[in-house]
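Colleague: Below is model_10.cif; it holds mmCIF, C-alpha atoms.
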data_work
#
loop_
_atom_site.group_PDB
_atom_site.id
_atom_site.type_symbol
_atom_site.label_atom_id
_atom_site.label_comp_id
_atom_site.auth_asym_id
_atom_site.auth_seq_id
_atom_site.Cartn_x
_atom_site.Cartn_y
_atom_site.Cartn_z
ATOM 1 C CA MET A 16 112.264 56.697 113.293
ATOM 2 C CA ALA A 17 111.863 52.937 113.255
ATOM 3 C CA ASP A 18 112.746 52.648 116.961
ATOM 4 C CA LEU A 19 110.671 53.226 120.070
ATOM 5 C CA HIS A 20 112.346 54.026 123.374
ATOM 6 C CA LEU A 21 111.467 53.846 127.033
ATOM 7 C CA HIS A 22 113.684 54.919 129.924
ATOM 8 C CA ARG A 23 112.852 54.621 133.608
ATOM 9 C CA ILE A 24 114.672 54.598 136.925
ATOM 10 C CA LEU A 25 113.369 51.634 138.918
ATOM 11 C CA LYS A 26 113.669 51.761 142.699
ATOM 12 C CA ALA A 27 114.907 48.221 143.037
ATOM 13 C CA PRO A 28 118.331 46.572 142.799
ATOM 14 C CA ARG A 29 119.550 45.604 139.362
ATOM 15 C CA SER A 30 119.867 41.930 140.352
ATOM 16 C CA ALA A 31 116.186 41.844 141.358
ATOM 17 C CA VAL A 32 115.049 43.556 138.155
ATOM 18 C CA TRP A 33 117.106 41.081 136.141
ATOM 19 C CA ASP A 34 115.534 38.171 138.037
ATOM 20 C CA CYS A 35 112.065 39.493 137.290
ATOM 21 C CA TRP A 36 112.873 39.490 133.576
ATOM 22 C CA THR A 37 114.561 36.091 133.405
ATOM 23 C CA ASN A 38 112.832 33.870 135.950
ATOM 24 C CA PRO A 39 109.493 32.842 134.442
ATOM 25 C CA GLU A 40 107.956 32.468 137.892
ATOM 26 C CA HIS A 41 108.103 36.231 138.298
ATOM 27 C CA ILE A 42 106.749 37.173 134.865
ATOM 28 C CA PRO A 43 103.019 36.939 135.652
ATOM 29 C CA GLN A 44 103.512 39.328 138.602
ATOM 30 C CA TRP A 45 104.387 42.348 136.481
ATOM 31 C CA PHE A 46 104.427 41.650 132.729
ATOM 32 C CA ALA A 47 101.018 42.988 131.701
ATOM 33 C CA PRO A 48 99.049 46.029 132.828
ATOM 34 C CA LYS A 49 96.397 44.758 135.225
ATOM 35 C CA PRO A 50 93.680 43.481 134.832
ATOM 36 C CA VAL A 51 95.342 41.681 131.926
ATOM 37 C CA VAL A 52 96.462 38.217 133.007
ATOM 38 C CA THR A 53 99.797 36.773 131.878
ATOM 39 C CA ARG A 54 100.581 33.116 131.395
ATOM 40 C CA VAL A 55 104.035 31.833 130.442
ATOM 41 C CA LEU A 56 103.877 29.046 127.864
ATOM 42 C CA ALA A 57 107.596 28.801 127.126
ATOM 43 C CA PHE A 58 110.521 30.734 128.525
ATOM 44 C CA ASP A 59 114.101 29.708 127.873
ATOM 45 C CA PRO A 60 116.423 32.700 128.255
ATOM 46 C CA ARG A 61 119.377 31.684 126.073
ATOM 47 C CA PRO A 62 120.072 32.624 122.436
ATOM 48 C CA GLY A 63 117.562 30.703 120.324
ATOM 49 C CA GLY A 64 115.420 29.820 123.347
ATOM 50 C CA ALA A 65 111.653 30.227 123.216
ATOM 51 C CA PHE A 66 109.816 33.259 124.542
ATOM 52 C CA ASP A 67 106.089 32.606 124.522
ATOM 53 C CA ILE A 68 103.756 34.538 126.738
ATOM 54 C CA VAL A 69 100.003 34.747 126.337
ATOM 55 C CA MET A 70 97.891 37.507 127.802
ATOM 56 C CA SER A 71 94.196 37.313 128.447
ATOM 57 C CA MET A 72 91.402 39.492 129.757
ATOM 58 C CA ASN A 73 88.060 38.266 131.026
ATOM 59 C CA GLY A 74 89.161 34.796 130.031
ATOM 60 C CA GLU A 75 89.786 35.754 126.425
ATOM 61 C CA GLU A 76 93.297 35.245 125.070
ATOM 62 C CA PHE A 77 95.058 37.775 122.868
ATOM 63 C CA PRO A 78 96.761 36.435 119.732
ATOM 64 C CA HIS A 79 100.367 35.447 120.299
ATOM 65 C CA GLN A 80 103.098 33.314 118.811
ATOM 66 C CA PRO A 81 106.440 32.173 120.158
ATOM 67 C CA GLY A 82 109.379 34.523 119.757
ATOM 68 C CA CYS A 83 112.947 33.821 120.788
ATOM 69 C CA PHE A 84 115.746 35.243 122.870
ATOM 70 C CA LEU A 85 118.781 36.608 121.037
ATOM 71 C CA GLU A 86 121.122 38.016 123.682
ATOM 72 C CA VAL A 87 121.301 37.162 127.360
ATOM 73 C CA VAL A 88 124.079 39.059 129.161
ATOM 74 C CA PRO A 89 123.416 38.617 132.883
ATOM 75 C CA GLN A 90 122.239 41.808 134.609
ATOM 76 C CA GLU A 91 123.239 43.879 131.591
ATOM 77 C CA ARG A 92 121.282 43.179 128.445
ATOM 78 C CA LEU A 93 118.397 41.020 127.285
ATOM 79 C CA THR A 94 117.247 40.911 123.665
ATOM 80 C CA TRP A 95 114.330 39.000 122.188
ATOM 81 C CA THR A 96 112.402 39.216 118.955
ATOM 82 C CA SER A 97 108.984 38.414 117.574
ATOM 83 C CA ALA A 98 110.480 37.918 114.092
ATOM 84 C CA LEU A 99 112.077 34.558 114.926
ATOM 85 C CA GLY A 100 110.641 31.629 116.856
ATOM 86 C CA PRO A 101 112.518 28.962 118.827
ATOM 87 C CA ASP A 102 115.836 27.893 117.255
ATOM 88 C CA PHE A 103 115.838 31.203 115.366
ATOM 89 C CA ARG A 104 113.250 29.957 112.865
ATOM 90 C CA PRO A 105 111.596 32.823 110.937
ATOM 91 C CA VAL A 106 107.976 33.261 112.026
ATOM 92 C CA ASP A 107 104.905 33.254 109.868
ATOM 93 C CA ALA A 108 104.160 36.964 110.071
ATOM 94 C CA THR A 109 100.744 36.695 108.451
ATOM 95 C CA GLY A 110 98.365 38.467 110.770
ATOM 96 C CA ALA A 111 101.059 40.068 112.913
ATOM 97 C CA PRO A 112 100.483 43.839 112.759
ATOM 98 C CA PHE A 113 104.252 44.376 113.063
ATOM 99 C CA LEU A 114 107.381 42.544 114.140
ATOM 100 C CA PHE A 115 109.907 43.955 116.558
ATOM 101 C CA THR A 116 113.062 43.221 118.477
ATOM 102 C CA ALA A 117 113.280 44.466 122.061
ATOM 103 C CA THR A 118 116.610 45.175 123.733
ATOM 104 C CA LEU A 119 116.473 45.834 127.456
ATOM 105 C CA THR A 120 119.492 47.259 129.242
ATOM 106 C CA PHE A 121 120.038 47.347 132.975
ATOM 107 C CA ALA A 122 122.576 49.554 134.774
ATOM 108 C CA ASP A 123 123.189 50.604 138.356
ATOM 109 C CA HIS A 124 121.715 53.935 139.425
ATOM 110 C CA PRO A 125 121.930 55.702 142.818
ATOM 111 C CA GLU A 126 118.200 55.128 143.292
ATOM 112 C CA GLY A 127 118.208 51.548 142.019
ATOM 113 C CA THR A 128 118.271 50.537 138.357
ATOM 114 C CA ASP A 129 118.569 52.479 135.149
ATOM 115 C CA TYR A 130 116.228 50.568 132.830
ATOM 116 C CA ARG A 131 116.075 51.175 129.096
ATOM 117 C CA VAL A 132 114.041 49.571 126.347
ATOM 118 C CA VAL A 133 114.608 49.928 122.617
ATOM 119 C CA ALA A 134 112.049 48.331 120.305
ATOM 120 C CA ARG A 135 113.360 48.062 116.745
ATOM 121 C CA HIS A 136 111.047 47.723 113.737
ATOM 122 C CA LYS A 137 111.593 47.326 110.017
ATOM 123 C CA ASP A 138 110.388 50.865 109.311
ATOM 124 C CA GLU A 139 108.705 53.934 110.721
ATOM 125 C CA ALA A 140 105.201 52.734 109.825
ATOM 126 C CA SER A 141 105.671 49.597 111.921
ATOM 127 C CA ALA A 142 106.988 51.617 114.834
ATOM 128 C CA GLN A 143 104.018 53.944 114.548
ATOM 129 C CA ALA A 144 101.598 51.005 114.525
ATOM 130 C CA HIS A 145 103.292 49.707 117.692
ATOM 131 C CA GLU A 146 103.040 53.146 119.323
ATOM 132 C CA GLU A 147 99.384 53.469 118.346
ATOM 133 C CA MET A 148 98.744 50.063 119.877
ATOM 134 C CA GLY A 149 99.984 51.559 123.134
ATOM 135 C CA PHE A 150 103.737 50.916 123.380
ATOM 136 C CA SER A 151 104.673 53.935 125.503
ATOM 137 C CA GLN A 152 101.721 53.716 127.833
ATOM 138 C CA GLY A 153 101.775 49.923 128.120
ATOM 139 C CA TRP A 154 105.496 49.528 128.622
ATOM 140 C CA GLY A 155 105.460 52.547 130.952
ATOM 141 C CA THR A 156 102.808 50.997 133.190
ATOM 142 C CA VAL A 157 104.595 47.692 133.081
ATOM 143 C CA ALA A 158 107.921 49.304 134.030
ATOM 144 C CA GLU A 159 106.226 50.700 137.136
ATOM 145 C CA GLN A 160 104.841 47.272 138.001
ATOM 146 C CA LEU A 161 108.264 45.748 137.384
ATOM 147 C CA GLY A 162 109.997 48.225 139.697
ATOM 148 C CA ALA A 163 107.401 47.817 142.448
ATOM 149 C CA TYR A 164 107.446 44.028 142.267
ATOM 150 C CA ALA A 165 111.258 43.822 142.046
ATOM 151 C CA ALA A 166 111.485 45.977 145.193
ATOM 152 C CA THR A 167 109.521 43.344 147.116
ATOM 153 C CA LEU A 168 112.124 40.714 146.258
ATOM 154 C CA GLY A 169 114.331 42.612 148.680
ATOM 155 C CA ARG A 170 117.886 42.113 147.469
ATOM 156 C CA MET B 23 109.579 19.650 106.646
ATOM 157 C CA ALA B 24 110.451 23.292 107.042
ATOM 158 C CA ASP B 25 114.196 22.547 107.224
ATOM 159 C CA LEU B 26 116.733 21.879 104.497
ATOM 160 C CA HIS B 27 119.917 19.971 105.275
ATOM 161 C CA LEU B 28 123.341 19.584 103.766
ATOM 162 C CA HIS B 29 126.140 17.385 105.081
ATOM 163 C CA ARG B 30 129.628 17.098 103.622
ATOM 164 C CA ILE B 31 133.062 15.945 104.710
ATOM 165 C CA LEU B 32 135.530 18.646 103.705
ATOM 166 C CA LYS B 33 139.159 17.638 103.205
ATOM 167 C CA ALA B 34 140.555 20.590 105.087
ATOM 168 C CA PRO B 35 141.224 21.323 108.763
ATOM 169 C CA ARG B 36 138.353 22.662 110.818
ATOM 170 C CA SER B 37 140.280 25.840 111.713
ATOM 171 C CA ALA B 38 140.744 26.638 108.013
ATOM 172 C CA VAL B 39 137.081 26.001 107.189
ATOM 173 C CA TRP B 40 136.082 28.249 110.072
ATOM 174 C CA ASP B 41 138.431 30.980 108.809
ATOM 175 C CA CYS B 42 136.896 30.759 105.360
ATOM 176 C CA TRP B 43 133.455 31.362 106.857
ATOM 177 C CA THR B 44 134.401 34.183 109.238
ATOM 178 C CA ASN B 45 137.149 36.177 107.543
ATOM 179 C CA PRO B 46 135.498 38.312 104.872
ATOM 180 C CA GLU B 47 138.679 38.316 102.780
ATOM 181 C CA HIS B 48 138.129 34.639 102.058
ATOM 182 C CA ILE B 49 134.421 34.817 101.241
ATOM 183 C CA PRO B 50 134.704 35.826 97.555
ATOM 184 C CA GLN B 51 136.983 32.817 96.961
ATOM 185 C CA TRP B 52 134.311 30.197 97.557
ATOM 186 C CA PHE B 53 130.902 31.648 98.493
ATOM 187 C CA ALA B 54 129.097 31.473 95.156
ATOM 188 C CA PRO B 55 129.121 28.869 92.395
ATOM 189 C CA LYS B 56 131.376 30.221 89.660
ATOM 190 C CA PRO B 57 130.907 32.215 87.411
ATOM 191 C CA VAL B 58 128.842 34.092 89.948
ATOM 192 C CA VAL B 59 130.909 36.850 91.532
ATOM 193 C CA THR B 60 130.669 37.604 95.263
ATOM 194 C CA ARG B 61 131.252 40.961 96.877
ATOM 195 C CA VAL B 62 131.161 41.501 100.644
ATOM 196 C CA LEU B 63 129.375 44.724 101.603
ATOM 197 C CA ALA B 64 129.256 44.174 105.356
ATOM 198 C CA PHE B 65 130.519 41.297 107.469
ATOM 199 C CA ASP B 66 130.668 41.506 111.244
ATOM 200 C CA PRO B 67 130.601 38.008 112.764
ATOM 201 C CA ARG B 68 129.187 38.686 116.235
ATOM 202 C CA PRO B 69 125.569 38.398 117.420
ATOM 203 C CA GLY B 70 123.678 41.299 115.853
ATOM 204 C CA GLY B 71 126.482 42.038 113.380
ATOM 205 C CA ALA B 72 125.726 42.638 109.718
ATOM 206 C CA PHE B 73 125.971 39.965 107.053
ATOM 207 C CA ASP B 74 125.584 41.523 103.622
ATOM 208 C CA ILE B 75 126.888 39.812 100.546
ATOM 209 C CA VAL B 76 125.923 40.650 96.988
ATOM 210 C CA MET B 77 126.325 38.255 94.095
ATOM 211 C CA SER B 78 126.464 39.241 90.462
ATOM 212 C CA MET B 79 126.770 37.615 87.067
ATOM 213 C CA ASN B 80 127.834 39.364 83.875
ATOM 214 C CA GLY B 81 127.914 42.580 85.873
ATOM 215 C CA GLU B 82 124.300 42.277 86.979
ATOM 216 C CA GLU B 83 123.637 42.152 90.703
ATOM 217 C CA PHE B 84 121.133 39.795 92.294
ATOM 218 C CA PRO B 85 118.719 41.312 94.829
ATOM 219 C CA HIS B 86 120.009 41.210 98.383
ATOM 220 C CA GLN B 87 119.515 42.848 101.743
ATOM 221 C CA PRO B 88 121.569 42.777 104.920
ATOM 222 C CA GLY B 89 120.998 39.901 107.317
ATOM 223 C CA CYS B 90 122.671 39.436 110.672
ATOM 224 C CA PHE B 91 124.696 36.945 112.639
ATOM 225 C CA LEU B 92 123.028 35.270 115.612
ATOM 226 C CA GLU B 93 125.536 32.781 117.036
ATOM 227 C CA VAL B 94 129.288 32.765 116.654
ATOM 228 C CA VAL B 95 130.914 29.878 118.559
ATOM 229 C CA PRO B 96 134.495 29.677 117.279
ATOM 230 C CA GLN B 97 135.166 26.591 115.143
ATOM 231 C CA GLU B 98 131.881 25.032 116.249
ATOM 232 C CA ARG B 99 128.787 26.858 115.148
ATOM 233 C CA LEU B 100 127.820 29.874 113.072
ATOM 234 C CA THR B 101 124.225 31.040 112.711
ATOM 235 C CA TRP B 102 122.883 33.901 110.621
ATOM 236 C CA THR B 103 119.472 34.879 109.373
ATOM 237 C CA SER B 104 117.879 36.795 106.544
ATOM 238 C CA ALA B 105 114.877 37.625 108.770
ATOM 239 C CA LEU B 106 116.751 40.212 110.849
ATOM 240 C CA GLY B 107 119.143 42.922 109.714
ATOM 241 C CA PRO B 108 121.970 44.544 111.689
ATOM 242 C CA ASP B 109 121.204 45.037 115.408
ATOM 243 C CA PHE B 110 118.561 42.306 115.076
ATOM 244 C CA ARG B 111 116.135 44.692 113.361
ATOM 245 C CA PRO B 112 113.314 42.821 111.550
ATOM 246 C CA VAL B 113 113.735 43.090 107.772
ATOM 247 C CA ASP B 114 111.237 44.344 105.273
ATOM 248 C CA ALA B 115 110.371 40.987 103.718
ATOM 249 C CA THR B 116 108.397 42.455 100.825
ATOM 250 C CA GLY B 117 109.836 40.902 97.729
ATOM 251 C CA ALA B 118 111.864 38.241 99.514
ATOM 252 C CA PRO B 119 110.672 34.869 98.184
ATOM 253 C CA PHE B 120 111.366 33.347 101.629
ATOM 254 C CA LEU B 121 113.315 34.042 104.796
ATOM 255 C CA PHE B 122 115.622 31.549 106.438
ATOM 256 C CA THR B 123 118.088 31.038 109.241
ATOM 257 C CA ALA B 124 121.234 29.042 108.466
ATOM 258 C CA THR B 125 123.120 27.172 111.176
ATOM 259 C CA LEU B 126 126.500 25.786 110.169
ATOM 260 C CA THR B 127 128.256 23.296 112.398
ATOM 261 C CA PHE B 128 131.877 22.266 112.185
ATOM 262 C CA ALA B 129 133.387 19.157 113.785
ATOM 263 C CA ASP B 130 136.636 17.237 113.444
ATOM 264 C CA HIS B 131 136.614 14.239 111.111
ATOM 265 C CA PRO B 132 139.433 11.794 110.263
ATOM 266 C CA GLU B 133 139.508 13.192 106.720
ATOM 267 C CA GLY B 134 139.190 16.834 107.754
ATOM 268 C CA THR B 135 135.965 18.552 108.733
ATOM 269 C CA ASP B 136 132.446 17.331 109.255
ATOM 270 C CA TYR B 137 130.389 20.231 107.868
ATOM 271 C CA ARG B 138 126.637 20.496 108.330
ATOM 272 C CA VAL B 139 124.136 23.103 107.268
ATOM 273 C CA VAL B 140 120.551 23.429 108.476
ATOM 274 C CA ALA B 141 118.389 26.084 106.815
ATOM 275 C CA ARG B 142 115.235 26.767 108.826
ATOM 276 C CA HIS B 143 112.122 28.313 107.287
ATOM 277 C CA LYS B 144 108.745 29.329 108.635
ATOM 278 C CA ASP B 145 106.999 26.452 106.859
ATOM 279 C CA GLU B 146 107.320 23.685 104.322
ATOM 280 C CA ALA B 147 106.276 25.896 101.396
ATOM 281 C CA SER B 148 109.140 28.290 102.105
ATOM 282 C CA ALA B 149 111.602 25.430 102.357
ATOM 283 C CA GLN B 150 110.324 24.049 99.083
ATOM 284 C CA ALA B 151 110.704 27.439 97.392
ATOM 285 C CA HIS B 152 114.297 27.554 98.661
ATOM 286 C CA GLU B 153 114.943 24.047 97.381
ATOM 287 C CA GLU B 154 113.425 24.873 93.992
ATOM 288 C CA MET B 155 115.661 27.912 93.815
ATOM 289 C CA GLY B 156 118.584 25.496 94.045
ATOM 290 C CA PHE B 157 119.500 25.095 97.720
ATOM 291 C CA SER B 158 120.891 21.550 97.542
ATOM 292 C CA GLN B 159 122.763 22.018 94.313
ATOM 293 C CA GLY B 160 124.009 25.516 95.114
ATOM 294 C CA TRP B 161 125.122 24.834 98.671
ATOM 295 C CA GLY B 162 126.565 21.497 97.517
ATOM 296 C CA THR B 163 128.727 23.141 94.872
ATOM 297 C CA VAL B 164 129.728 25.840 97.302
ATOM 298 C CA ALA B 165 130.691 23.269 99.954
ATOM 299 C CA GLU B 166 133.072 21.714 97.425
ATOM 300 C CA GLN B 167 134.577 25.110 96.658
ATOM 301 C CA LEU B 168 134.848 25.813 100.374
ATOM 302 C CA GLY B 169 136.678 22.533 101.038
ATOM 303 C CA ALA B 170 139.045 23.002 98.112
ATOM 304 C CA TYR B 171 139.848 26.595 98.997
ATOM 305 C CA ALA B 172 140.209 25.871 102.728
ATOM 306 C CA ALA B 173 142.716 23.118 101.870
ATOM 307 C CA THR B 174 144.946 25.677 100.171
ATOM 308 C CA LEU B 175 145.179 27.696 103.383
ATOM 309 C CA GLY B 176 147.358 24.849 104.634
ATOM 310 C CA ARG B 177 146.801 24.688 108.356
#
Turn the structure described in the file into structure tokens.
Modeller:
Amino acid sequence: MADLHLHRILKAPRSAVWDCWTNPEHIPQWFAPKPVVTRVLAFDPRPGGAFDIVMSMNGEEFPHQPGCFLEVVPQERLTWTSALGPDFRPVDATGAPFLFTATLTFADHPEGTDYRVVARHKDEASAQAHEEMGFSQGWGTVAEQLGAYAATLGR
Amino acid sequence: MADLHLHRILKAPRSAVWDCWTNPEHIPQWFAPKPVVTRVLAFDPRPGGAFDIVMSMNGEEFPHQPGCFLEVVPQERLTWTSALGPDFRPVDATGAPFLFTATLTFADHPEGTDYRVVARHKDEASAQAHEEMGFSQGWGTVAEQLGAYAATLGR
């Protein structure tokens, strides 16, 4: 399959989880598995708006390039892609090991928030490369951090 | 520049021009410079919806692959890209000479409709390849066909 999936129940209200994903002030608190450090370079959650986050470890930055948001449906769905930059401009994919589009969905759950991620790739090989780079483990850890941090926002 | 531009005044009402661009029944009437024949394989004008049109001449089809719509703002703006397929999935760009995102804007004008196209590419070389393939001439001819056909819809 060309898709990767993650599904978690987060013990925090949906509104708080949504805020964590769409207010750039919150992003560095949960976005990367510690001790990786996250810095938000551009973050404009509207269709065509920039999504540019750089991660670093021991002061060394990982490669990154701006992506863009595609769908922003408050507290329901957030979609962004690495295949297009700001204003939907196609990216220069030279050097990118794979491109993907992530769709996050948020729903109420008795314990808090039903949180789902689908990462779509052009083909199975790309999805496999993403998985081998640590998709399930990385996004799993990050989902835990997201839930724990969102719970502290106390809404 | 990595962008290509086209600007025309079409002598037809904005609502008719919009219909021509968003109702797949109208597409074959104006989309390709004659004698090229247009066939609509998939056409779902909503963000993430498929945009797949094949052109042929003397019975021979040109290469094509599904793109997708990104922005659909009735009678104002329509954006689609060849860099993502349906559901915003990144395309396999092998063999594509370039990828681009087209944003069409429609505004009222005393003579009919102010019609603008911006085609965004990853870099200047891609834009140049698109221009050498006939962007200005092709989209220019097609804009004339669009205006003439839209005028016959009589709204």
Colleague: Atom CA of A:Trp36 to atom CA of A:Gln160: how many Å, to one decimal?
Modeller: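 These two atoms are separated by 12.0 Å.
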Colleague: Which residue out of B:Phe110, B:Glu153, B:Arg138, B:Gln97 has the minimum interatomic distance to B:Cys42 when all atoms listed in the file are used?
Modeller: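 Among the listed residues, B:Gln97 lies closest to B:Cys42.
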Colleague: Return the neighbours of chain A among the residues of chain B, cut-off 12 Å, counting all atoms listed in the file, as a PyMOL selection string.
Modeller: chain B and resi 24-25+68-70+90-95+101-116+120-125+140-149
Colleague: Counting only C-alpha atoms, what is within 7 Å of B:Trp52, bar same-chain residues fewer than 3 positions away, as a PyMOL selection string?
Modeller: chain B and resi 49+164+167-168+171
Colleague: Hey, can you check how far atom CA of A:Leu119 sits from atom CA of A:Trp33?
Modeller: 9.9 Å
Colleague: With a distance cut-off of 7 Å and only C-alpha atoms, select the neighbouring residues of B:Asp136, excluding the residue or stretch itself and same-chain residues fewer than 2 positions from it, and output the selection as an mmCIF file with C-alpha atoms, in the coordinates of the input.
Modeller:
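Saved file selection06.cif follows:
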data_model
loop_
_atom_site.group_PDB
_atom_site.id
_atom_site.type_symbol
_atom_site.label_atom_id
_atom_site.label_comp_id
_atom_site.auth_asym_id
_atom_site.auth_seq_id
_atom_site.Cartn_x
_atom_site.Cartn_y
_atom_site.Cartn_z
ATOM 1 C CA ARG B 30 129.628 17.098 103.622
ATOM 2 C CA ILE B 31 133.062 15.945 104.710
ATOM 3 C CA LEU B 32 135.530 18.646 103.705
ATOM 4 C CA PHE B 128 131.877 22.266 112.185
ATOM 5 C CA ALA B 129 133.387 19.157 113.785
ATOM 6 C CA ASP B 130 136.636 17.237 113.444
ATOM 7 C CA HIS B 131 136.614 14.239 111.111
ATOM 8 C CA GLY B 134 139.190 16.834 107.754
ATOM 9 C CA ARG B 138 126.637 20.496 108.330
#
Colleague: Counting all atoms listed in the file, what is within 12 Å of A:Gly110, bar same-chain residues fewer than 6 positions away, as an NGL selection string?
Modeller: :A and (78-80)
Colleague: Which residues fall under the PyMOL selection byres ((chain A and resi 70-77) around 10) in this file, as a ChimeraX atom specification?
Modeller: /A:43,46-55,68-69,78-79
Colleague: State, in Å with one decimal place, the distance from atom CA of B:Ala173 to atom CA of B:Tyr137.
Modeller: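 Atom CA of B:Tyr137 lies 14.0 Å from atom CA of B:Ala173.
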Colleague: Any idea what's packed within 6 Å of A:Ala31, counting all atoms listed in the file, ignoring anything in its chain fewer than 3 positions away? Could you give it as a compact mmCIF listing (two decimals) with C-alpha atoms, keeping the file's coordinate frame?
Modeller:
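As written to disk, result.txt reads:
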# COMPACT_ATOMS: atom_id res chain seq x y z
CA PRO A 28 118.33 46.57 142.80
CA ASP A 34 115.53 38.17 138.04
CA ALA A 165 111.26 43.82 142.05
Colleague: Starting from the shown file, work through the PyMOL selection byres ((chain B and resi 28) around 8) and note down what comes out as a list in words.
Modeller: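 Output from the PyMOL selection byres ((chain B and resi 28) around 8), applied to this file: Leu26, His27, His29, Arg30, Arg138, Val139, Val140, Ser158, Trp161 and Gly162 of chain B.
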Colleague: Please export stretch 83-94 of chain A as a tab-separated table (two decimals), in the first residue's frame, restricted to N, CA, C and O atoms.
Modeller:
chain	number	residue	atom	x	y	z
A	83	CYS	N	3.13	22.98	2.21
A	83	CYS	CA	1.99	23.88	2.39
A	83	CYS	C	0.76	23.14	2.87
A	83	CYS	O	0.60	21.94	2.68
A	84	PHE	N	-0.12	23.90	3.52
A	84	PHE	CA	-1.39	23.38	3.97
A	84	PHE	C	-2.35	23.26	2.78
A	84	PHE	O	-2.30	24.08	1.85
A	85	LEU	N	-3.21	22.25	2.85
A	85	LEU	CA	-4.18	22.03	1.77
A	85	LEU	C	-5.62	22.14	2.27
A	85	LEU	O	-6.47	22.69	1.57
A	86	GLU	N	-5.88	21.59	3.44
A	86	GLU	CA	-7.23	21.61	4.00
A	86	GLU	C	-7.14	21.99	5.47
A	86	GLU	O	-6.34	21.40	6.20
A	87	VAL	N	-7.97	22.92	5.87
A	87	VAL	CA	-8.01	23.33	7.28
A	87	VAL	C	-9.48	23.41	7.68
A	87	VAL	O	-10.16	24.40	7.42
A	88	VAL	N	-10.00	22.34	8.25
A	88	VAL	CA	-11.40	22.29	8.70
A	88	VAL	C	-11.36	22.25	10.22
A	88	VAL	O	-11.03	21.22	10.80
A	89	PRO	N	-11.67	23.39	10.87
A	89	PRO	CA	-11.45	23.51	12.30
A	89	PRO	C	-11.93	22.32	13.13
A	89	PRO	O	-13.08	21.90	13.03
A	90	GLN	N	-11.01	21.80	13.93
A	90	GLN	CA	-11.25	20.69	14.86
A	90	GLN	C	-11.68	19.39	14.19
A	90	GLN	O	-12.12	18.46	14.86
A	91	GLU	N	-11.58	19.35	12.85
A	91	GLU	CA	-11.97	18.11	12.17
A	91	GLU	C	-10.86	17.52	11.33
A	91	GLU	O	-10.55	16.34	11.44
A	92	ARG	N	-10.27	18.36	10.46
A	92	ARG	CA	-9.32	17.79	9.51
A	92	ARG	C	-8.28	18.83	9.13
A	92	ARG	O	-8.58	19.99	8.87
A	93	LEU	N	-7.02	18.36	9.06
A	93	LEU	CA	-5.91	19.21	8.68
A	93	LEU	C	-5.06	18.41	7.69
A	93	LEU	O	-4.67	17.28	7.97
A	94	THR	N	-4.83	19.00	6.52
A	94	THR	CA	-4.04	18.31	5.50
A	94	THR	C	-2.91	19.22	5.05
A	94	THR	O	-3.13	20.40	4.80
